Amino acid sequence: MSLFEEMQQAIIDGKAPVVKELTQKALSEGIKPADIFPKAIVPAMDEVGRRMRDCEFFIPEVLIAARAARAATDILRPLLVGDAAARPAGTVVCCTVKGDLHDIGKNIVAMMLESAGFRIIDLGADVSAEKIVDAVRAHDANLVAMSALLTTTMVNMKSVIEALAAAGLREKVKVMVGGAPVTESWARSIGADGYGKDAPAAVDLARSLAAA
Ligand code: B1M
């Protein structure tokens with residue numbers, strides 16, 4: 001098994017200490033930090049996404065794998081600053097909307113997006129439209145990823161899209177939405193650019209929106 005294959009397996013198995021050790025080994029062997037994302041972390045998390053889609057993995061396994069992937073990204077992120085070859089796939093402002101404290105799904109989506117090479121600005125839960133607008137501006141984000149778990153808070157997604165438009169930022173950012181009560185038709189009705197049913201779908205969507 002190659003070092004990259006070992007890393008992939010350790011991420012899928014959720015073995016964070018092994019992932020950490022293998023990441024350090026890869027670096028000590030002269031492997032470029034930027035190569036570790038496409039050759040180990042991204043394919044491993046794609047496989048985790050596939051298993052989740054096929055009901056082979058459930059939320060605990062996904063969280064454990066995402067934490068293991070984070071053991072690598074925590075080491076790699078500081079090494080990638082200023083590395084032109086390691087340009088992120090996009091910058092995503094991520095949050096749960098105003099009034100909503102549910103953040104488990106949002107955290108999984110954020111971790112999966114990070115593992116897929118996106119730079120994540122995670123604003124947390126219960127986030128106002130103003131804070132999202134400010135973060136898009138401050139971080140020059142090209143994606144906003146909003147989560148809502150309550151039928152009473154999903155309406156706040158629309159307010160965020162309106163606030164982005166009022167701030168002259170709507171053309172600059174793609175907006176994706178998700179969360180248990182959110183649907184494709186809801187996303188369309190509020191003028192979002194896409195809806196993700198689950199975290200793997202969110203990764204596919206972010207990739208296609210960032211490439212558009
Ligand atoms: Co609350 N809660 N909760 N809750 N809670 C629900 C959502 C509820 C369905 C339970 C029920 O009644 N059956 C119900 C909502 C009903 C409705 O609106 N129709 C509810 C309620 C009513 C409430 C309170 C109002 C209860 C009260 O106080 N009376 C209150 C509200 C607080 C607030 O937010 N202001 C409340 C509070 C809480 C806790 C704080 C106790 C806790 C949250 C802890 C936390 O998140 N840190 C909690 C929990 C845990 C739940 C349930 C049990 C589980 C939610 C969860 O984490 N699911 C939930 C019932 C349920 O769903 N079975 C419930 C797992 C998570 C991985 O799934 O978030 O859907 P999910 O994310 C998925 C996808 O949706 C998708 O990917 C994720 C991974 O696949 N996804 C995206 C999510 N965001 C995405 C973004 C994307 C793309 C995909 O692109 C941007």
# chains A, B, ... in the order shown; residues from 1 in each chain; ligands from 1
$ closest_atom_pairs --of "chain A" --to "ligand 1" --cutoff "7 Å" --atoms "only C-alpha atoms and all ligand atoms" --output "tab-separated table"
residue	atom	partner	partner_atom_place_in_ligand_line	distance
A:Ile59	CA	ligand 1	67 (C)	6.1
A:Gly99	CA	ligand 1	35 (N)	5.1
A:Asp100	CA	ligand 1	34 (O)	3.5
A:Leu101	CA	ligand 1	34 (O)	3.5
A:His102	CA	ligand 1	46 (O)	3.2
A:Asp103	CA	ligand 1	46 (O)	3.9
A:Ile104	CA	ligand 1	46 (O)	4.5
A:Gly105	CA	ligand 1	72 (O)	3.3
A:Lys106	CA	ligand 1	84 (N)	4.6
A:Ile108	CA	ligand 1	79 (C)	5.9
A:Val109	CA	ligand 1	77 (O)	5.9
A:Ala145	CA	ligand 1	91 (C)	3.6
A:Met146	CA	ligand 1	91 (C)	4.3
A:Ser147	CA	ligand 1	84 (N)	4.1
A:Ala148	CA	ligand 1	84 (N)	6.5
A:Leu149	CA	ligand 1	7 (C)	4.7
A:Leu150	CA	ligand 1	18 (O)	3.3
A:Thr151	CA	ligand 1	18 (O)	4.0
A:Thr152	CA	ligand 1	18 (O)	6.0
A:Met176	CA	ligand 1	91 (C)	4.7
A:Val177	CA	ligand 1	91 (C)	3.9
A:Gly178	CA	ligand 1	86 (C)	3.5
A:Gly179	CA	ligand 1	75 (O)	3.3
A:Ala180	CA	ligand 1	70 (O)	4.0
A:Pro181	CA	ligand 1	19 (N)	6.7
A:Tyr195	CA	ligand 1	90 (O)	6.2
A:Gly196	CA	ligand 1	88 (C)	3.9
A:Lys197	CA	ligand 1	89 (C)	5.1
A:Asp198	CA	ligand 1	77 (O)	3.4
A:Ala199	CA	ligand 1	77 (O)	4.3
A:Ala201	CA	ligand 1	88 (C)	6.9
A:Ala202	CA	ligand 1	88 (C)	4.6
$ residues_around --residues "Ala71 of chain A" --least-positions-apart "6" --cutoff "9 Å" --atoms "only C-alpha atoms" --output "PyMOL selection string"
chain A and resi 16-17+19-20+23
$ write_last_selection --atoms "N, CA, C and O atoms" --output "PDB file, in the first residue's frame"
ATOM      1  N   ALA A  16      -7.455   9.306  13.647  1.00  0.00           N
ATOM      2  CA  ALA A  16      -6.787  10.612  13.610  1.00  0.00           C
ATOM      3  C   ALA A  16      -5.296  10.550  13.968  1.00  0.00           C
ATOM      4  O   ALA A  16      -4.475  11.157  13.267  1.00  0.00           O
ATOM      5  N   PRO A  17      -4.892   9.819  15.035  1.00  0.00           N
ATOM      6  CA  PRO A  17      -3.460   9.808  15.355  1.00  0.00           C
ATOM      7  C   PRO A  17      -2.614   9.200  14.226  1.00  0.00           C
ATOM      8  O   PRO A  17      -1.506   9.663  13.954  1.00  0.00           O
ATOM      9  N   VAL A  19      -3.439   9.275  11.020  1.00  0.00           N
ATOM     10  CA  VAL A  19      -3.433  10.275   9.929  1.00  0.00           C
ATOM     11  C   VAL A  19      -2.373  11.338  10.216  1.00  0.00           C
ATOM     12  O   VAL A  19      -1.599  11.724   9.333  1.00  0.00           O
ATOM     13  N   LYS A  20      -2.306  11.762  11.476  1.00  0.00           N
ATOM     14  CA  LYS A  20      -1.330  12.783  11.871  1.00  0.00           C
ATOM     15  C   LYS A  20       0.095  12.271  11.605  1.00  0.00           C
ATOM     16  O   LYS A  20       0.921  12.957  10.997  1.00  0.00           O
ATOM     17  N   THR A  23       0.820  11.991   7.905  1.00  0.00           N
ATOM     18  CA  THR A  23       0.988  13.319   7.289  1.00  0.00           C
ATOM     19  C   THR A  23       2.409  13.814   7.556  1.00  0.00           C
ATOM     20  O   THR A  23       3.098  14.302   6.650  1.00  0.00           O
TER      21      THR A  23
END
$ residues_around --residues "Ser115 of chain A" --least-positions-apart "4" --cutoff "9 Å" --atoms "only C-alpha atoms" --output "list in words"
Phe37, Ile41, Val42, Ala44, Met45, Ala66, Ala69, Arg70, Thr73, Ala110 and Met111 of chain A
$ write_last_selection --atoms "N, CA, C and O atoms" --output "PDB file, in the first residue's frame"
ATOM      1  N   PHE A  37      -3.623  16.878  -0.393  1.00  0.00           N
ATOM      2  CA  PHE A  37      -5.086  17.067  -0.528  1.00  0.00           C
ATOM      3  C   PHE A  37      -5.658  16.191  -1.643  1.00  0.00           C
ATOM      4  O   PHE A  37      -6.493  15.320  -1.374  1.00  0.00           O
ATOM      5  N   ILE A  41      -6.499  13.197   1.012  1.00  0.00           N
ATOM      6  CA  ILE A  41      -7.654  13.661   1.793  1.00  0.00           C
ATOM      7  C   ILE A  41      -8.938  13.679   0.953  1.00  0.00           C
ATOM      8  O   ILE A  41      -9.971  13.142   1.364  1.00  0.00           O
ATOM      9  N   VAL A  42      -8.854  14.293  -0.243  1.00  0.00           N
ATOM     10  CA  VAL A  42     -10.072  14.420  -1.066  1.00  0.00           C
ATOM     11  C   VAL A  42     -10.636  13.050  -1.465  1.00  0.00           C
ATOM     12  O   VAL A  42     -11.829  12.785  -1.257  1.00  0.00           O
ATOM     13  N   ALA A  44     -10.272  10.209   0.007  1.00  0.00           N
ATOM     14  CA  ALA A  44     -10.784   9.521   1.207  1.00  0.00           C
ATOM     15  C   ALA A  44     -12.158  10.068   1.576  1.00  0.00           C
ATOM     16  O   ALA A  44     -13.096   9.310   1.836  1.00  0.00           O
ATOM     17  N   MET A  45     -12.297  11.403   1.571  1.00  0.00           N
ATOM     18  CA  MET A  45     -13.591  11.973   1.964  1.00  0.00           C
ATOM     19  C   MET A  45     -14.636  11.751   0.873  1.00  0.00           C
ATOM     20  O   MET A  45     -15.832  11.661   1.170  1.00  0.00           O
ATOM     21  N   ALA A  66     -14.241  12.733   9.335  1.00  0.00           N
ATOM     22  CA  ALA A  66     -13.959  14.153   9.085  1.00  0.00           C
ATOM     23  C   ALA A  66     -12.958  14.685  10.103  1.00  0.00           C
ATOM     24  O   ALA A  66     -12.081  15.490   9.780  1.00  0.00           O
ATOM     25  N   ALA A  69      -9.612  13.514   9.031  1.00  0.00           N
ATOM     26  CA  ALA A  69      -9.120  14.339   7.911  1.00  0.00           C
ATOM     27  C   ALA A  69      -8.590  15.664   8.446  1.00  0.00           C
ATOM     28  O   ALA A  69      -7.586  16.198   7.984  1.00  0.00           O
ATOM     29  N   ARG A  70      -9.262  16.166   9.461  1.00  0.00           N
ATOM     30  CA  ARG A  70      -8.837  17.441  10.048  1.00  0.00           C
ATOM     31  C   ARG A  70      -7.453  17.324  10.699  1.00  0.00           C
ATOM     32  O   ARG A  70      -6.698  18.302  10.746  1.00  0.00           O
ATOM     33  N   THR A  73      -5.425  18.224   7.814  1.00  0.00           N
ATOM     34  CA  THR A  73      -5.557  19.612   7.339  1.00  0.00           C
ATOM     35  C   THR A  73      -5.005  20.608   8.357  1.00  0.00           C
ATOM     36  O   THR A  73      -4.469  21.637   7.978  1.00  0.00           O
ATOM     37  N   ALA A 110     -19.302  21.612   6.657  1.00  0.00           N
ATOM     38  CA  ALA A 110     -18.080  22.441   6.662  1.00  0.00           C
ATOM     39  C   ALA A 110     -16.825  21.565   6.626  1.00  0.00           C
ATOM     40  O   ALA A 110     -15.882  21.841   5.880  1.00  0.00           O
ATOM     41  N   MET A 111     -16.848  20.481   7.408  1.00  0.00           N
ATOM     42  CA  MET A 111     -15.662  19.606   7.445  1.00  0.00           C
ATOM     43  C   MET A 111     -15.448  18.905   6.108  1.00  0.00           C
ATOM     44  O   MET A 111     -14.326  18.764   5.636  1.00  0.00           O
TER      45      MET A 111
END
$ atom_distance --atom1 "atom CA of Pro60 of chain A" --atom2 "atom CA of Ala116 of chain A"
19.2 Å
$ select_by_dssp --residues "chain A" --states "alpha helix (DSSP H)" --output "JSON, numbers by chain"
{"A": [3, 4, 5, 6, 7, 8, 9, 10, 11, 12, 16, 17, 18, 19, 20, 21, 22, 23, 24, 25, 26, 27, 28, 33, 34, 35, 36, 42, 43, 44, 45, 46, 47, 48, 49, 50, 51, 52, 53, 59, 60, 61, 62, 63, 64, 65, 66, 67, 68, 69, 70, 71, 72, 73, 74, 75, 76, 77, 78, 79, 80, 104, 105, 106, 107, 108, 109, 110, 111, 112, 113, 114, 115, 129, 130, 131, 132, 133, 134, 135, 136, 137, 138, 139, 155, 156, 157, 158, 159, 160, 161, 162, 163, 164, 165, 166, 184, 185, 186, 187, 188, 189, 199, 200, 201, 202, 203, 204, 205, 206, 207, 208, 209, 210, 211]}
$ decode --residues "segment 9-137 of chain A" --atoms "C-alpha atoms" --output "PDB file, in the first residue's frame"
ATOM      1  CA  GLN A   9      -7.577   4.187   4.682  1.00  0.00           C
ATOM      2  CA  ALA A  10      -6.709   5.831   8.012  1.00  0.00           C
ATOM      3  CA  ILE A  11      -9.078   8.743   7.245  1.00  0.00           C
ATOM      4  CA  ILE A  12     -11.898   6.389   6.222  1.00  0.00           C
ATOM      5  CA  ASP A  13     -11.280   4.356   9.396  1.00  0.00           C
ATOM      6  CA  GLY A  14     -11.316   7.566  11.459  1.00  0.00           C
ATOM      7  CA  LYS A  15      -7.847   7.022  12.931  1.00  0.00           C
ATOM      8  CA  ALA A  16      -6.787  10.612  13.610  1.00  0.00           C
ATOM      9  CA  PRO A  17      -3.460   9.808  15.355  1.00  0.00           C
ATOM     10  CA  VAL A  18      -2.436   7.557  12.425  1.00  0.00           C
ATOM     11  CA  VAL A  19      -3.433  10.275   9.929  1.00  0.00           C
ATOM     12  CA  LYS A  20      -1.330  12.783  11.871  1.00  0.00           C
ATOM     13  CA  GLU A  21       1.665  10.435  11.904  1.00  0.00           C
ATOM     14  CA  LEU A  22       1.339   9.627   8.177  1.00  0.00           C
ATOM     15  CA  THR A  23       0.988  13.319   7.289  1.00  0.00           C
ATOM     16  CA  GLN A  24       4.209  14.083   9.158  1.00  0.00           C
ATOM     17  CA  LYS A  25       5.893  11.099   7.469  1.00  0.00           C
ATOM     18  CA  ALA A  26       4.774  12.327   4.029  1.00  0.00           C
ATOM     19  CA  LEU A  27       6.188  15.780   4.730  1.00  0.00           C
ATOM     20  CA  SER A  28       9.465  14.347   6.034  1.00  0.00           C
ATOM     21  CA  GLU A  29       9.742  12.342   2.790  1.00  0.00           C
ATOM     22  CA  GLY A  30       9.525  15.610   0.846  1.00  0.00           C
ATOM     23  CA  ILE A  31       5.948  15.241  -0.406  1.00  0.00           C
ATOM     24  CA  LYS A  32       4.480  18.676  -1.093  1.00  0.00           C
ATOM     25  CA  PRO A  33       1.666  19.699   1.295  1.00  0.00           C
ATOM     26  CA  ALA A  34      -0.480  20.680  -1.709  1.00  0.00           C
ATOM     27  CA  ASP A  35      -0.224  17.122  -3.120  1.00  0.00           C
ATOM     28  CA  ILE A  36      -1.626  15.542   0.037  1.00  0.00           C
ATOM     29  CA  PHE A  37      -5.086  17.067  -0.528  1.00  0.00           C
ATOM     30  CA  PRO A  38      -5.852  15.604  -3.988  1.00  0.00           C
ATOM     31  CA  LYS A  39      -3.984  12.346  -3.437  1.00  0.00           C
ATOM     32  CA  ALA A  40      -5.119  11.411   0.082  1.00  0.00           C
ATOM     33  CA  ILE A  41      -7.654  13.661   1.793  1.00  0.00           C
ATOM     34  CA  VAL A  42     -10.072  14.420  -1.066  1.00  0.00           C
ATOM     35  CA  PRO A  43     -10.377  10.813  -2.357  1.00  0.00           C
ATOM     36  CA  ALA A  44     -10.784   9.521   1.207  1.00  0.00           C
ATOM     37  CA  MET A  45     -13.591  11.973   1.964  1.00  0.00           C
ATOM     38  CA  ASP A  46     -15.170  11.269  -1.438  1.00  0.00           C
ATOM     39  CA  GLU A  47     -15.262   7.603  -0.403  1.00  0.00           C
ATOM     40  CA  VAL A  48     -16.762   8.583   2.976  1.00  0.00           C
ATOM     41  CA  GLY A  49     -19.393  10.558   1.047  1.00  0.00           C
ATOM     42  CA  ARG A  50     -20.142   7.572  -1.175  1.00  0.00           C
ATOM     43  CA  ARG A  51     -20.527   5.281   1.855  1.00  0.00           C
ATOM     44  CA  MET A  52     -22.851   7.815   3.488  1.00  0.00           C
ATOM     45  CA  ARG A  53     -24.946   8.044   0.305  1.00  0.00           C
ATOM     46  CA  ASP A  54     -25.128   4.243   0.122  1.00  0.00           C
ATOM     47  CA  CYS A  55     -26.045   3.976   3.845  1.00  0.00           C
ATOM     48  CA  GLU A  56     -22.816   2.094   4.630  1.00  0.00           C
ATOM     49  CA  PHE A  57     -21.752   4.982   6.911  1.00  0.00           C
ATOM     50  CA  PHE A  58     -23.927   6.981   9.292  1.00  0.00           C
ATOM     51  CA  ILE A  59     -23.378  10.325  11.048  1.00  0.00           C
ATOM     52  CA  PRO A  60     -20.935   9.039  13.735  1.00  0.00           C
ATOM     53  CA  GLU A  61     -18.616   7.403  11.164  1.00  0.00           C
ATOM     54  CA  VAL A  62     -18.738  10.517   8.990  1.00  0.00           C
ATOM     55  CA  LEU A  63     -17.881  12.785  11.928  1.00  0.00           C
ATOM     56  CA  ILE A  64     -15.033  10.524  13.018  1.00  0.00           C
ATOM     57  CA  ALA A  65     -13.625  10.388   9.471  1.00  0.00           C
ATOM     58  CA  ALA A  66     -13.959  14.153   9.085  1.00  0.00           C
ATOM     59  CA  ARG A  67     -12.085  14.648  12.370  1.00  0.00           C
ATOM     60  CA  ALA A  68      -9.351  12.317  11.134  1.00  0.00           C
ATOM     61  CA  ALA A  69      -9.120  14.339   7.911  1.00  0.00           C
ATOM     62  CA  ARG A  70      -8.837  17.441  10.048  1.00  0.00           C
ATOM     63  CA  ALA A  71      -5.770  15.934  11.763  1.00  0.00           C
ATOM     64  CA  ALA A  72      -4.086  16.257   8.355  1.00  0.00           C
ATOM     65  CA  THR A  73      -5.557  19.612   7.339  1.00  0.00           C
ATOM     66  CA  ASP A  74      -4.542  21.177  10.678  1.00  0.00           C
ATOM     67  CA  ILE A  75      -0.921  20.309   9.917  1.00  0.00           C
ATOM     68  CA  LEU A  76      -1.112  21.252   6.240  1.00  0.00           C
ATOM     69  CA  ARG A  77      -3.089  24.515   6.369  1.00  0.00           C
ATOM     70  CA  PRO A  78      -0.265  26.695   7.814  1.00  0.00           C
ATOM     71  CA  LEU A  79       2.182  25.216   5.300  1.00  0.00           C
ATOM     72  CA  LEU A  80      -0.055  26.151   2.376  1.00  0.00           C
ATOM     73  CA  VAL A  81      -0.224  29.880   3.094  1.00  0.00           C
ATOM     74  CA  GLY A  82       1.317  31.701   0.158  1.00  0.00           C
ATOM     75  CA  ASP A  83       1.665  28.538  -1.930  1.00  0.00           C
ATOM     76  CA  ALA A  84       0.166  29.490  -5.300  1.00  0.00           C
ATOM     77  CA  ALA A  85      -0.117  25.834  -6.325  1.00  0.00           C
ATOM     78  CA  ALA A  86      -2.297  25.230  -3.294  1.00  0.00           C
ATOM     79  CA  ARG A  87      -4.988  27.741  -4.133  1.00  0.00           C
ATOM     80  CA  PRO A  88      -8.198  26.630  -2.425  1.00  0.00           C
ATOM     81  CA  ALA A  89     -11.096  25.354  -4.518  1.00  0.00           C
ATOM     82  CA  GLY A  90     -13.023  28.385  -3.254  1.00  0.00           C
ATOM     83  CA  THR A  91     -13.768  30.348  -0.092  1.00  0.00           C
ATOM     84  CA  VAL A  92     -17.012  29.404   1.624  1.00  0.00           C
ATOM     85  CA  VAL A  93     -18.765  31.436   4.287  1.00  0.00           C
ATOM     86  CA  CYS A  94     -20.612  28.786   6.216  1.00  0.00           C
ATOM     87  CA  CYS A  95     -23.233  29.122   8.953  1.00  0.00           C
ATOM     88  CA  THR A  96     -26.584  28.204  10.442  1.00  0.00           C
ATOM     89  CA  VAL A  97     -29.021  31.061   9.975  1.00  0.00           C
ATOM     90  CA  LYS A  98     -30.309  33.576  12.533  1.00  0.00           C
ATOM     91  CA  GLY A  99     -32.455  32.110  15.292  1.00  0.00           C
ATOM     92  CA  ASP A 100     -31.265  28.543  14.685  1.00  0.00           C
ATOM     93  CA  LEU A 101     -28.868  26.784  17.067  1.00  0.00           C
ATOM     94  CA  HIS A 102     -28.624  23.449  15.232  1.00  0.00           C
ATOM     95  CA  ASP A 103     -25.056  23.105  14.031  1.00  0.00           C
ATOM     96  CA  ILE A 104     -24.282  19.389  13.753  1.00  0.00           C
ATOM     97  CA  GLY A 105     -25.195  19.100  10.052  1.00  0.00           C
ATOM     98  CA  LYS A 106     -23.550  22.432   9.262  1.00  0.00           C
ATOM     99  CA  ASN A 107     -20.342  21.234  10.955  1.00  0.00           C
ATOM    100  CA  ILE A 108     -20.322  18.033   8.884  1.00  0.00           C
ATOM    101  CA  VAL A 109     -20.867  20.011   5.682  1.00  0.00           C
ATOM    102  CA  ALA A 110     -18.080  22.441   6.662  1.00  0.00           C
ATOM    103  CA  MET A 111     -15.662  19.606   7.445  1.00  0.00           C
ATOM    104  CA  MET A 112     -16.444  17.788   4.199  1.00  0.00           C
ATOM    105  CA  LEU A 113     -16.011  21.011   2.203  1.00  0.00           C
ATOM    106  CA  GLU A 114     -12.716  21.703   3.951  1.00  0.00           C
ATOM    107  CA  SER A 115     -11.532  18.184   3.181  1.00  0.00           C
ATOM    108  CA  ALA A 116     -12.475  18.794  -0.461  1.00  0.00           C
ATOM    109  CA  GLY A 117     -10.031  21.728  -0.530  1.00  0.00           C
ATOM    110  CA  PHE A 118     -12.333  24.679   0.167  1.00  0.00           C
ATOM    111  CA  ARG A 119     -11.283  27.432   2.569  1.00  0.00           C
ATOM    112  CA  ILE A 120     -13.975  27.613   5.227  1.00  0.00           C
ATOM    113  CA  ILE A 121     -15.026  30.713   7.120  1.00  0.00           C
ATOM    114  CA  ASP A 122     -17.305  29.134   9.702  1.00  0.00           C
ATOM    115  CA  LEU A 123     -19.438  31.771  11.412  1.00  0.00           C
ATOM    116  CA  GLY A 124     -21.172  29.221  13.652  1.00  0.00           C
ATOM    117  CA  ALA A 125     -24.895  29.121  14.409  1.00  0.00           C
ATOM    118  CA  ASP A 126     -27.551  31.836  14.897  1.00  0.00           C
ATOM    119  CA  VAL A 127     -25.830  34.145  12.412  1.00  0.00           C
ATOM    120  CA  SER A 128     -27.371  37.391  11.188  1.00  0.00           C
ATOM    121  CA  ALA A 129     -27.552  38.455   7.534  1.00  0.00           C
ATOM    122  CA  GLU A 130     -25.310  41.444   8.328  1.00  0.00           C
ATOM    123  CA  LYS A 131     -22.587  39.194   9.732  1.00  0.00           C
ATOM    124  CA  ILE A 132     -22.714  37.018   6.600  1.00  0.00           C
ATOM    125  CA  VAL A 133     -22.484  40.053   4.307  1.00  0.00           C
ATOM    126  CA  ASP A 134     -19.513  41.386   6.306  1.00  0.00           C
ATOM    127  CA  ALA A 135     -17.751  37.997   6.149  1.00  0.00           C
ATOM    128  CA  VAL A 136     -18.253  37.676   2.374  1.00  0.00           C
ATOM    129  CA  ARG A 137     -16.665  41.091   1.936  1.00  0.00           C
TER     130      ARG A 137
END
